[in-house]
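Pasted below: upload.cif, mmCIF, C-alpha atoms.
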data_final
loop_
_atom_site.label_atom_id
_atom_site.label_comp_id
_atom_site.auth_asym_id
_atom_site.auth_seq_id
_atom_site.Cartn_x
_atom_site.Cartn_y
_atom_site.Cartn_z
CA MET H 1 43.25 -15.83 3.30
CA SER H 2 41.82 -12.43 4.24
CA GLU H 3 44.56 -9.94 5.13
CA ARG H 4 42.49 -8.23 7.83
CA PRO H 5 40.64 -10.78 9.95
CA VAL H 6 37.31 -10.62 11.72
CA LEU H 7 38.07 -10.96 15.42
CA ILE H 8 35.35 -13.07 17.08
CA VAL H 9 35.15 -13.19 20.88
CA GLY H 10 33.52 -16.32 22.29
CA PHE H 11 33.02 -19.75 20.73
CA VAL H 12 29.50 -20.60 19.49
CA THR H 13 29.32 -23.72 17.34
CA PRO H 14 26.22 -22.89 15.21
CA VAL H 15 27.60 -19.47 14.30
CA LEU H 16 30.94 -20.79 13.11
CA MET H 17 29.13 -23.50 11.16
CA ALA H 18 26.92 -20.87 9.52
CA LEU H 19 29.95 -18.77 8.55
CA ALA H 20 31.94 -21.69 7.07
CA GLY H 21 31.85 -21.57 3.29
CA VAL H 22 30.42 -18.02 3.34
CA GLU H 23 33.18 -16.01 4.99
CA PRO H 24 36.62 -16.42 3.34
CA ASP H 25 38.94 -19.16 4.54
CA GLY H 26 41.32 -17.97 7.22
CA SER H 27 39.30 -14.81 7.83
CA VAL H 28 38.51 -15.36 11.53
CA VAL H 29 40.69 -14.98 14.61
CA LEU H 30 38.85 -16.48 17.58
CA VAL H 31 39.46 -15.28 21.15
CA GLU H 32 38.29 -17.43 24.04
CA GLU H 33 39.01 -17.90 27.73
CA PRO H 34 41.88 -20.39 28.29
CA ASP H 35 39.75 -22.44 30.71
CA VAL H 36 36.95 -22.66 28.15
CA ILE H 37 39.39 -23.70 25.42
CA ARG H 38 40.54 -26.53 27.66
CA LYS H 39 37.14 -27.62 28.96
CA ARG H 40 35.49 -27.57 25.53
CA ASP H 41 38.54 -29.06 23.78
CA LEU H 42 38.53 -26.26 21.20
CA LEU H 43 42.02 -27.01 19.90
CA THR H 44 40.74 -30.37 18.67
CA LYS H 45 37.41 -29.01 17.42
CA LEU H 46 39.05 -26.25 15.39
CA ALA H 47 42.04 -28.26 14.13
CA GLY H 48 40.50 -28.79 10.69
CA SER H 49 38.72 -25.46 10.40
CA ALA H 50 39.39 -23.58 7.19
CA LEU H 51 37.58 -20.54 8.57
CA VAL H 52 39.53 -19.94 11.79
CA ARG H 53 43.04 -18.63 11.18
CA GLU H 54 44.08 -18.51 14.82
CA LEU H 55 42.72 -19.34 18.28
CA ILE H 56 43.97 -16.98 20.99
CA GLY H 57 43.53 -17.88 24.65
CA TRP H 58 42.79 -14.72 26.61
CA GLU H 59 40.96 -13.93 29.84
CA HIS H 60 38.54 -11.61 28.09
CA ALA H 61 36.00 -11.51 30.94
CA ARG H 62 38.51 -9.74 33.20
CA PRO H 63 38.25 -5.91 33.57
CA GLY H 64 40.92 -4.10 31.57
CA SER H 65 41.76 -7.15 29.48
CA ALA H 66 40.77 -5.52 26.17
CA ASP H 67 43.39 -2.82 26.58
CA GLU H 68 46.01 -5.43 27.46
CA PHE H 69 45.00 -7.43 24.39
CA HIS H 70 45.24 -4.37 22.15
CA ALA H 71 48.74 -3.59 23.40
CA THR H 72 49.82 -7.20 22.91
CA HIS H 73 48.14 -7.89 19.54
CA ARG H 74 48.15 -4.48 17.86
CA ASP H 75 49.48 -6.10 14.69
CA LEU H 76 46.26 -8.09 14.20
CA ASP H 77 44.59 -5.02 12.61
CA PRO H 78 41.11 -6.61 12.46
CA VAL H 79 38.43 -5.38 10.11
CA ALA H 80 35.73 -6.05 12.73
CA VAL H 81 35.38 -7.14 16.36
CA ILE H 82 32.28 -9.24 17.09
CA PRO H 83 31.13 -10.73 20.43
CA LEU H 84 29.20 -13.99 20.27
CA THR H 85 28.77 -14.69 23.99
CA GLU H 86 27.28 -12.62 26.80
CA TYR H 87 30.42 -12.32 28.90
CA ALA H 88 32.46 -11.21 25.86
CA THR H 89 30.48 -8.07 25.10
CA PRO H 90 32.41 -5.47 27.17
CA PHE H 91 35.76 -6.82 25.94
CA ALA H 92 34.61 -6.67 22.30
CA ALA H 93 33.16 -3.19 22.69
CA ARG H 94 36.34 -1.81 24.23
CA LEU H 95 38.57 -3.58 21.72
CA ALA H 96 36.55 -2.11 18.85
CA GLU H 97 37.13 1.34 20.36
CA ARG H 98 40.88 0.72 20.60
CA PHE H 99 41.08 -0.45 16.98
CA GLY H 100 38.81 2.37 15.77
CA LEU H 101 36.08 0.01 14.55
CA PRO H 102 32.27 -0.06 14.78
CA GLY H 103 31.00 -1.40 18.09
CA ALA H 104 28.42 -1.06 20.82
CA SER H 105 30.61 1.33 22.88
CA LEU H 106 32.09 0.21 26.17
CA GLY H 107 29.61 2.30 28.15
CA ALA H 108 26.61 0.65 26.49
CA ALA H 109 28.10 -2.84 26.84
CA GLN H 110 28.75 -2.36 30.54
CA ILE H 111 25.19 -1.17 31.19
CA LEU H 112 23.68 -4.07 29.25
CA ARG H 113 25.85 -6.56 31.15
CA ASP H 114 24.58 -5.32 34.52
CA LYS H 115 20.81 -5.74 34.93
CA ALA H 116 20.74 -3.42 37.95
CA LEU H 117 22.41 -0.63 35.97
CA LEU H 118 20.12 -1.25 33.00
CA ARG H 119 17.09 -0.91 35.28
CA LYS H 120 18.29 2.51 36.50
CA VAL H 121 19.25 3.86 33.09
CA SER H 122 16.18 2.63 31.20
CA ALA H 123 13.79 3.77 33.95
CA ALA H 124 15.38 7.23 33.88
CA ALA H 125 14.66 7.27 30.15
CA GLY H 126 10.98 6.62 30.86
CA LEU H 127 10.82 2.89 30.04
CA PRO H 128 8.57 0.71 32.24
CA ASN H 129 10.54 -1.58 34.56
CA PRO H 130 9.36 -3.85 37.36
CA ALA H 131 10.19 -2.64 40.84
CA SER H 132 13.57 -4.08 41.83
CA ALA H 133 16.32 -3.88 44.44
CA THR H 134 19.85 -5.18 44.88
CA VAL H 135 19.86 -7.91 47.55
CA THR H 136 22.75 -9.53 49.39
CA CYS H 137 20.99 -12.07 51.64
CA PRO H 138 17.59 -13.71 52.25
CA ALA H 139 16.65 -10.97 54.71
CA ASP H 140 16.94 -8.40 51.91
CA VAL H 141 14.61 -10.48 49.74
CA LEU H 142 12.07 -10.72 52.56
CA ALA H 143 12.22 -6.97 53.05
CA PHE H 144 11.63 -6.45 49.34
CA MET H 145 8.61 -8.79 49.37
CA ARG H 146 7.13 -6.94 52.36
CA ALA H 147 7.48 -3.67 50.46
CA HIS H 148 6.11 -5.18 47.25
CA PRO H 149 3.46 -7.78 48.16
CA GLY H 150 2.96 -10.68 45.79
CA PRO H 151 5.30 -12.99 43.86
CA ALA H 152 8.87 -11.89 43.27
CA VAL H 153 11.73 -12.91 41.00
CA LEU H 154 15.18 -13.59 42.42
CA LYS H 155 17.86 -13.32 39.75
CA PRO H 156 21.54 -12.51 39.25
CA ALA H 157 22.36 -9.10 37.81
CA ASN H 158 25.34 -10.35 35.82
CA ARG H 159 24.69 -13.86 34.47
CA GLN H 160 23.17 -15.42 31.33
CA ALA H 161 20.85 -18.25 30.26
CA ALA H 162 18.44 -17.77 33.21
CA VAL H 163 21.16 -19.08 35.54
CA GLY H 164 20.23 -18.52 39.19
CA THR H 165 16.73 -17.18 38.40
CA GLN H 166 13.61 -18.28 40.27
CA ILE H 167 10.06 -17.09 40.85
CA ILE H 168 9.19 -16.89 44.56
CA HIS H 169 5.49 -17.02 45.48
CA ALA H 170 5.68 -16.78 49.27
CA PRO H 171 8.13 -15.56 51.94
CA SER H 172 8.46 -19.15 53.20
CA GLU H 173 10.28 -20.02 49.94
CA VAL H 174 12.97 -17.34 50.26
CA ASP H 175 15.67 -19.23 52.20
CA GLN H 176 15.57 -22.27 49.91
CA ALA H 177 15.40 -20.11 46.77
CA TRP H 178 18.40 -18.07 47.88
CA ALA H 179 20.49 -21.18 48.55
CA SER H 180 19.55 -22.56 45.14
CA CYS H 181 19.97 -19.36 43.14
CA VAL H 182 23.43 -18.40 44.39
CA GLU H 183 24.75 -21.69 42.97
CA GLN H 184 25.57 -20.47 39.47
CA ASP H 185 27.92 -23.04 38.01
CA GLU H 186 27.91 -22.83 34.20
CA GLY H 187 30.35 -25.68 33.73
CA ILE H 188 32.33 -25.77 30.51
CA PHE H 189 30.98 -22.43 29.26
CA VAL H 190 32.80 -20.18 31.75
CA PRO H 191 36.31 -19.88 33.20
CA ASP H 192 37.12 -21.61 36.48
CA ARG H 193 37.93 -18.41 38.39
CA PRO H 194 35.09 -17.07 40.59
CA MET H 195 32.67 -14.48 39.23
CA ARG H 196 31.36 -11.63 41.35
CA LEU H 197 27.96 -12.40 42.89
CA SER H 198 25.31 -9.73 42.35
CA MET H 199 21.64 -10.53 42.97
CA LEU H 200 18.37 -8.69 42.35
CA ALA H 201 14.87 -9.08 43.73
CA GLU H 202 12.14 -7.89 41.39
CA ARG H 203 8.38 -7.71 41.38
CA TYR H 204 6.95 -10.55 39.31
CA VAL H 205 5.17 -9.20 36.22
CA PRO H 206 2.59 -11.59 34.73
CA GLY H 207 2.05 -11.70 31.00
CA PRO H 208 3.32 -13.09 27.70
CA GLU H 209 7.03 -12.75 26.94
CA TYR H 210 8.70 -11.52 23.78
CA SER H 211 12.14 -10.60 22.54
CA VAL H 212 13.21 -8.06 19.95
CA GLU H 213 16.22 -8.83 17.79
CA MET H 214 17.46 -5.55 16.34
CA LEU H 215 20.35 -4.76 14.00
CA VAL H 216 21.67 -1.28 14.77
CA ARG H 217 24.11 0.94 12.88
CA GLY H 218 25.13 4.29 14.32
CA GLY H 219 22.35 4.01 16.92
CA ARG H 220 19.66 3.56 14.24
CA GLN H 221 17.57 0.47 13.51
CA LEU H 222 18.30 -1.37 10.27
CA PHE H 223 16.20 -4.46 11.01
CA ALA H 224 13.90 -5.63 13.80
CA ASN H 225 12.03 -8.84 14.56
CA VAL H 226 9.75 -9.73 17.46
CA THR H 227 9.97 -13.30 18.76
CA GLY H 228 7.15 -14.88 20.76
CA LYS H 229 8.16 -17.05 23.73
CA GLN H 230 6.79 -19.87 25.85
CA LEU H 231 8.25 -20.95 29.21
CA PHE H 232 8.55 -24.34 30.87
CA PRO H 233 6.04 -24.62 33.74
CA GLY H 234 7.46 -24.19 37.22
CA PRO H 235 9.44 -21.63 39.21
CA ARG H 236 12.43 -21.50 36.83
CA PRO H 237 11.64 -19.15 33.91
CA VAL H 238 13.44 -21.18 31.25
CA GLU H 239 12.24 -20.84 27.65
CA LEU H 240 10.36 -23.79 26.14
CA ALA H 241 9.69 -22.38 22.66
CA HIS H 242 10.39 -19.45 20.34
CA VAL H 243 8.14 -18.39 17.44
CA VAL H 244 9.10 -15.99 14.62
CA PRO H 245 7.53 -13.64 13.97
CA ALA H 246 5.47 -13.30 17.14
CA ASP H 247 1.81 -13.93 16.32
CA ILE H 248 0.59 -10.58 17.68
CA PRO H 249 -1.13 -7.46 16.32
CA GLY H 250 0.99 -5.07 14.32
CA GLU H 251 0.47 -2.32 16.90
CA LEU H 252 2.14 -4.42 19.61
CA THR H 253 4.97 -5.39 17.26
CA GLU H 254 5.70 -1.72 16.60
CA LYS H 255 5.39 -0.81 20.29
CA LEU H 256 7.99 -3.46 21.23
CA ALA H 257 10.32 -2.26 18.47
CA GLU H 258 9.90 1.36 19.57
CA HIS H 259 10.65 0.49 23.19
CA THR H 260 13.78 -1.32 22.05
CA ARG H 261 14.86 1.74 20.06
CA GLN H 262 14.45 3.70 23.29
CA VAL H 263 16.76 1.23 25.06
CA VAL H 264 19.31 1.76 22.27
CA ALA H 265 19.16 5.51 22.81
CA ALA H 266 19.15 5.28 26.61
CA VAL H 267 22.35 3.22 26.86
CA GLY H 268 24.07 4.86 23.87
CA PHE H 269 24.39 1.67 21.84
CA GLY H 270 26.28 2.33 18.61
CA ASP H 271 26.76 -0.58 16.22
CA GLY H 272 25.78 -4.22 16.59
CA ILE H 273 22.84 -6.44 17.35
CA LEU H 274 20.61 -6.57 20.41
CA HIS H 275 18.43 -9.28 21.93
CA CYS H 276 15.98 -7.36 24.12
CA GLU H 277 13.42 -9.21 26.28
CA TRP H 278 10.02 -7.90 27.36
CA ILE H 279 6.93 -8.96 29.33
CA VAL H 280 3.65 -7.37 28.22
CA SER H 281 1.22 -6.87 31.11
CA ASP H 282 -2.11 -5.07 30.54
CA GLY H 283 -0.78 -3.82 27.23
CA VAL H 284 2.40 -2.32 28.73
CA PRO H 285 5.81 -3.76 27.75
CA TYR H 286 8.06 -4.11 30.81
CA LEU H 287 11.78 -4.49 30.21
CA VAL H 288 13.18 -7.83 31.40
CA GLU H 289 16.78 -7.49 30.19
CA CYS H 290 18.74 -6.68 27.05
CA ALA H 291 21.85 -8.36 25.64
CA GLY H 292 24.22 -6.61 23.26
CA ARG H 293 24.86 -9.73 21.19
CA ILE H 294 23.16 -12.19 18.86
CA ALA H 295 20.27 -14.23 20.23
CA GLY H 296 20.81 -17.87 21.14
CA ASP H 297 18.36 -20.80 21.24
CA GLY H 298 18.16 -21.04 17.43
CA ILE H 299 16.44 -17.63 17.15
CA MET H 300 18.89 -16.37 14.53
CA GLU H 301 18.21 -19.45 12.40
CA ILE H 302 14.42 -19.16 12.57
CA ILE H 303 14.61 -15.45 11.76
CA ASP H 304 16.49 -16.37 8.57
CA ARG H 305 13.86 -18.97 7.66
CA ALA H 306 10.87 -16.78 8.43
CA TYR H 307 12.21 -13.66 6.66
CA SER H 308 14.10 -15.39 3.81
CA MET H 309 17.30 -13.57 4.80
CA LYS H 310 20.75 -14.13 6.32
CA LEU H 311 20.76 -11.90 9.39
CA LEU H 312 24.10 -13.17 10.69
CA HIS H 313 25.80 -12.41 7.38
CA SER H 314 24.27 -8.92 7.29
CA TYR H 315 25.52 -8.35 10.84
CA PHE H 316 29.08 -9.32 9.94
CA ALA H 317 29.01 -7.20 6.77
CA MET H 318 27.73 -4.20 8.73
CA MET H 319 30.44 -4.58 11.37
CA ARG H 320 33.05 -4.65 8.57
CA GLY H 321 31.73 -1.27 7.48
CA GLU H 322 30.11 -2.53 4.29
CA SER H 323 26.91 -1.12 2.82
CA LEU H 324 23.84 -3.35 3.08
CA PRO H 325 20.89 -3.88 0.78
CA GLU H 326 17.48 -2.95 2.18
CA LEU H 327 16.57 -5.56 4.77
CA PRO H 328 13.08 -7.09 4.95
CA ARG H 329 10.41 -5.41 7.04
CA ARG H 330 8.00 -8.34 7.12
CA ALA H 331 8.37 -12.09 7.36
CA THR H 332 7.50 -14.29 4.39
CA GLY H 333 6.47 -17.23 6.59
CA GLY H 334 6.75 -18.61 10.09
CA ALA H 335 9.38 -20.61 11.98
CA ALA H 336 9.61 -22.05 15.49
CA VAL H 337 11.96 -23.74 17.92
CA ARG H 338 10.55 -26.13 20.52
CA PHE H 339 12.73 -27.65 23.25
CA VAL H 340 12.27 -31.27 24.32
CA PRO H 341 11.49 -31.81 28.02
CA MET H 342 12.62 -34.76 30.12
CA GLU H 343 12.20 -36.01 33.65
CA PRO H 344 15.07 -36.05 36.19
CA GLY H 345 17.11 -39.25 36.25
CA VAL H 346 19.64 -41.18 34.19
CA ILE H 347 18.82 -41.58 30.50
CA ASP H 348 18.23 -45.15 29.32
CA ALA H 349 17.24 -44.39 25.71
CA VAL H 350 16.27 -41.59 23.32
CA LEU H 351 13.55 -42.75 20.93
CA GLY H 352 11.46 -41.28 18.13
CA LEU H 353 14.09 -39.10 16.45
CA GLU H 354 13.42 -40.37 12.93
CA GLN H 355 9.65 -40.01 13.37
CA ALA H 356 10.19 -36.42 14.52
CA ARG H 357 12.35 -35.65 11.49
CA GLN H 358 9.59 -36.88 9.17
CA VAL H 359 7.00 -34.38 10.43
CA GLU H 360 6.12 -31.90 7.70
CA GLY H 361 8.10 -28.67 7.93
CA VAL H 362 10.68 -29.96 10.41
CA CYS H 363 14.15 -28.79 9.39
CA LEU H 364 16.20 -29.73 12.47
CA VAL H 365 16.09 -32.26 15.29
CA ASP H 366 19.03 -31.86 17.64
CA ILE H 367 19.18 -33.93 20.83
CA MET H 368 22.32 -33.24 22.85
CA VAL H 369 22.09 -36.10 25.36
CA GLY H 370 22.20 -39.88 25.20
CA PRO H 371 22.16 -43.01 27.35
CA GLY H 372 24.01 -42.53 30.62
CA HIS H 373 23.44 -38.77 30.82
CA ARG H 374 22.31 -37.69 34.29
CA PHE H 375 19.67 -34.94 34.48
CA ALA H 376 19.10 -33.34 37.89
CA GLY H 377 16.22 -31.11 36.82
CA LEU H 378 15.69 -27.87 34.94
CA ARG H 379 17.60 -24.99 36.58
CA SER H 380 18.72 -22.89 33.60
CA SER H 381 18.80 -22.87 29.80
CA TRP H 382 22.00 -24.95 29.89
CA ASP H 383 19.99 -27.90 31.26
CA ARG H 384 17.76 -28.31 28.21
CA THR H 385 18.29 -31.57 26.37
CA GLY H 386 17.57 -30.74 22.74
CA LEU H 387 15.30 -28.97 20.29
CA VAL H 388 13.13 -29.26 17.21
CA MET H 389 12.94 -26.54 14.53
CA ALA H 390 10.09 -26.25 12.02
CA VAL H 391 8.85 -23.88 9.31
CA ALA H 392 5.42 -23.21 7.81
CA ASP H 393 3.40 -20.53 6.06
CA SER H 394 2.42 -19.00 9.42
CA PRO H 395 3.97 -18.74 12.90
CA ALA H 396 1.12 -20.69 14.50
CA GLU H 397 1.46 -23.58 12.06
CA ALA H 398 5.24 -23.64 12.49
CA LEU H 399 4.82 -23.95 16.26
CA GLN H 400 2.24 -26.72 15.85
CA ARG H 401 4.65 -28.69 13.67
CA ALA H 402 7.52 -28.21 16.10
CA GLU H 403 5.32 -29.28 19.03
CA LYS H 404 4.12 -32.34 17.15
CA ALA H 405 7.69 -33.41 16.36
CA ALA H 406 8.89 -32.76 19.91
CA GLY H 407 6.02 -34.85 21.21
CA LEU H 408 7.25 -37.84 19.20
CA ILE H 409 10.62 -37.85 20.96
CA ARG H 410 10.69 -40.03 24.07
CA ILE H 411 13.55 -39.73 26.55
CA GLU H 412 13.33 -42.72 28.84
CA VAL H 413 15.00 -42.32 32.22
CA THR H 414 15.61 -44.27 35.39
CA PRO H 415 14.85 -41.97 38.33
CA ALA H 416 18.01 -41.11 40.21
#

Output the structure of this file as structure tokens.
Amino acid sequence: MSERPVLIVGFVTPVLMALAGVEPDGSVVLVEEPDVIRKRDLLTKLAGSALVRELIGWEHARPGSADEFHATHRDLDPVAVIPLTEYATPFAARLAERFGLPGASLGAAQILRDKALLRKVSAAAGLPNPASATVTCPADVLAFMRAHPGPAVLKPANRQAAVGTQIIHAPSEVDQAWASCVEQDEGIFVPDRPMRLSMLAERYVPGPEYSVEMLVRGGRQLFANVTGKQLFPGPRPVELAHVVPADIPGELTEKLAEHTRQVVAAVGFGDGILHCEWIVSDGVPYLVECAGRIAGDGIMEIIDRAYSMKLLHSYFAMMRGESLPELPRRATGGAAVRFVPMEPGVIDAVLGLEQARQVEGVCLVDIMVGPGHRFAGLRSSWDRTGLVMAVADSPAEALQRAEKAAGLIRIEVTPA
């Protein structure tokens, strides 16, 4: 058992699975919201874990809770504090400050958690942003659309996973979009207490989407990857596929990395990893949002496969203050994640899984639903039913393999 634990804030199953057998037994203390512990039955899930030394229930998403935690658990003396979930980032940043450990800095974490603040700070630093405004009612959205003709995006300033986000093409859609978007229930992944509602209206920017995953130490880039993205069709901008590395010219790859370095400098981000999203329109990268945490959706896994590295392990080592070997600058192959669509209704059967697994290059088929599951339609990333992951010599071929495998999976439903 490690004497000084790594303190992880937020439960993410794939991350803990990836750390098992690599990090020492008993080296992790996990902090999670009491409601989430109950709703996800984490006591049962972690009962046999050799990795997790202790599970602490704590309302980490509450302002000031990191300082309370530090006063209560000063004897923990962690070697690192690492956030795994979006809502855990300010708590982890402040707790790292209190323990004198590497971290994002509370100021940076708070800016990244608030999309309205991030717009102001990054725009002041000269980064292109879509026109946006804080809105509190449908009338505000209509006023914004009159001032900025054309499609708009209605989105929360302080949520994750595309929850409550919708593209609005005409003023006649505003009332219905508002009613739909302010319903932001994230179920088992968030505490039961209400979260403050903060909404933005933004000018819709057309163009391909990308994300930059960047490992940062002392405000300086150690590693960067650009991920290409595809979205499900429709008004909800939920991601359908991720491709690593993005199949784009080197000049655009460097431009996206440079813009992300400018975000790092603008918010004063110190140590950690960022997942920064961009839309490129007429050659100009526009900032969508930036998270001060690891990427979800299997992106960390496909980065490892495409670059022949272990980015998560390098991240943990860096946060412990260890020196790192030189990290790769270029990918050695391609990797892709493709999500599996389904129609609204009640699932009768999930077919074709074995055929999908037999497609060349497929390394994972993970369907998270089964017969009896009720699907009301795609509203956020939480509603996706499963994914396929594939590798190949090139990003394009990896995506083709993932698409082929996903196409073999049939989710039969009875319309509700």

Original post:
What does the PyMOL selection byres ((chain H and resi 42) around 12) select in this file, as a PyMOL selection string?
Top reply: chain H and resi 10-13+30-41+43-49+52+54-57+188-189

**OP:** Tell me which protein, DNA and RNA residues are within 12 Å of H:Gly100, counting all atoms listed in the file, leaving out same-chain ones fewer than 4 positions away, and put them as a PyMOL selection string.
**Re:** chain H and resi 70+74+77-81+92-96+105+319-321

Generate the output file for the selected residues, C-alpha atoms, as a tab-separated table (two decimals), in the coordinates of the input.
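New file out_39.tsv:
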chain	number	residue	atom	x	y	z
H	70	HIS	CA	45.24	-4.37	22.15
H	74	ARG	CA	48.15	-4.48	17.86
H	77	ASP	CA	44.59	-5.02	12.61
H	78	PRO	CA	41.11	-6.61	12.46
H	79	VAL	CA	38.43	-5.38	10.11
H	80	ALA	CA	35.73	-6.05	12.73
H	81	VAL	CA	35.38	-7.14	16.36
H	92	ALA	CA	34.61	-6.67	22.30
H	93	ALA	CA	33.16	-3.19	22.69
H	94	ARG	CA	36.34	-1.81	24.23
H	95	LEU	CA	38.57	-3.58	21.72
H	96	ALA	CA	36.55	-2.11	18.85
H	105	SER	CA	30.61	1.33	22.88
H	319	MET	CA	30.44	-4.58	11.37
H	320	ARG	CA	33.05	-4.65	8.57
H	321	GLY	CA	31.73	-1.27	7.48

Subject >> Reference answer for the PyMOL selection byres ((chain H and resi 272) around 6), as a PyMOL selection string >> reply: chain H and resi 104+216+271+273

Original post:
Taking into account only C-alpha atoms, which residue in the set H:Ala265, H:Ala295, H:Leu287, H:Ile168 is nearest to H:Val15?
Top reply: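 Of H:Ala265, H:Ala295, H:Leu287, H:Ile168, the one nearest H:Val15, counting only C-alpha atoms, is H:Ala295.
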
Subject >> Exercise: H:Val174 partners within 8 Å, all atoms listed in the file, chain neighbours under 5 positions left out, as a list in words >> reply: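 The contact residues come out as Pro138, Val141, Leu142 and Ile168 of chain H.
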
Could you dump the residues just selected with C-alpha atoms as a PDB file, in the frame of the given file?
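Okay, this is what ended up in result.pdb:
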ATOM      1  CA  PRO H 138      17.590 -13.710  52.250  1.00  0.00           C
ATOM      2  CA  VAL H 141      14.610 -10.480  49.740  1.00  0.00           C
ATOM      3  CA  LEU H 142      12.070 -10.720  52.560  1.00  0.00           C
ATOM      4  CA  ILE H 168       9.190 -16.890  44.560  1.00  0.00           C
TER       5      ILE H 168
END

Subject >> Spatial neighbours of H:Leu197, 9 Å, only C-alpha atoms, chain gap at least 6 places, as an MDAnalysis selection string >> reply: chainID H and resid 136 156:158 182
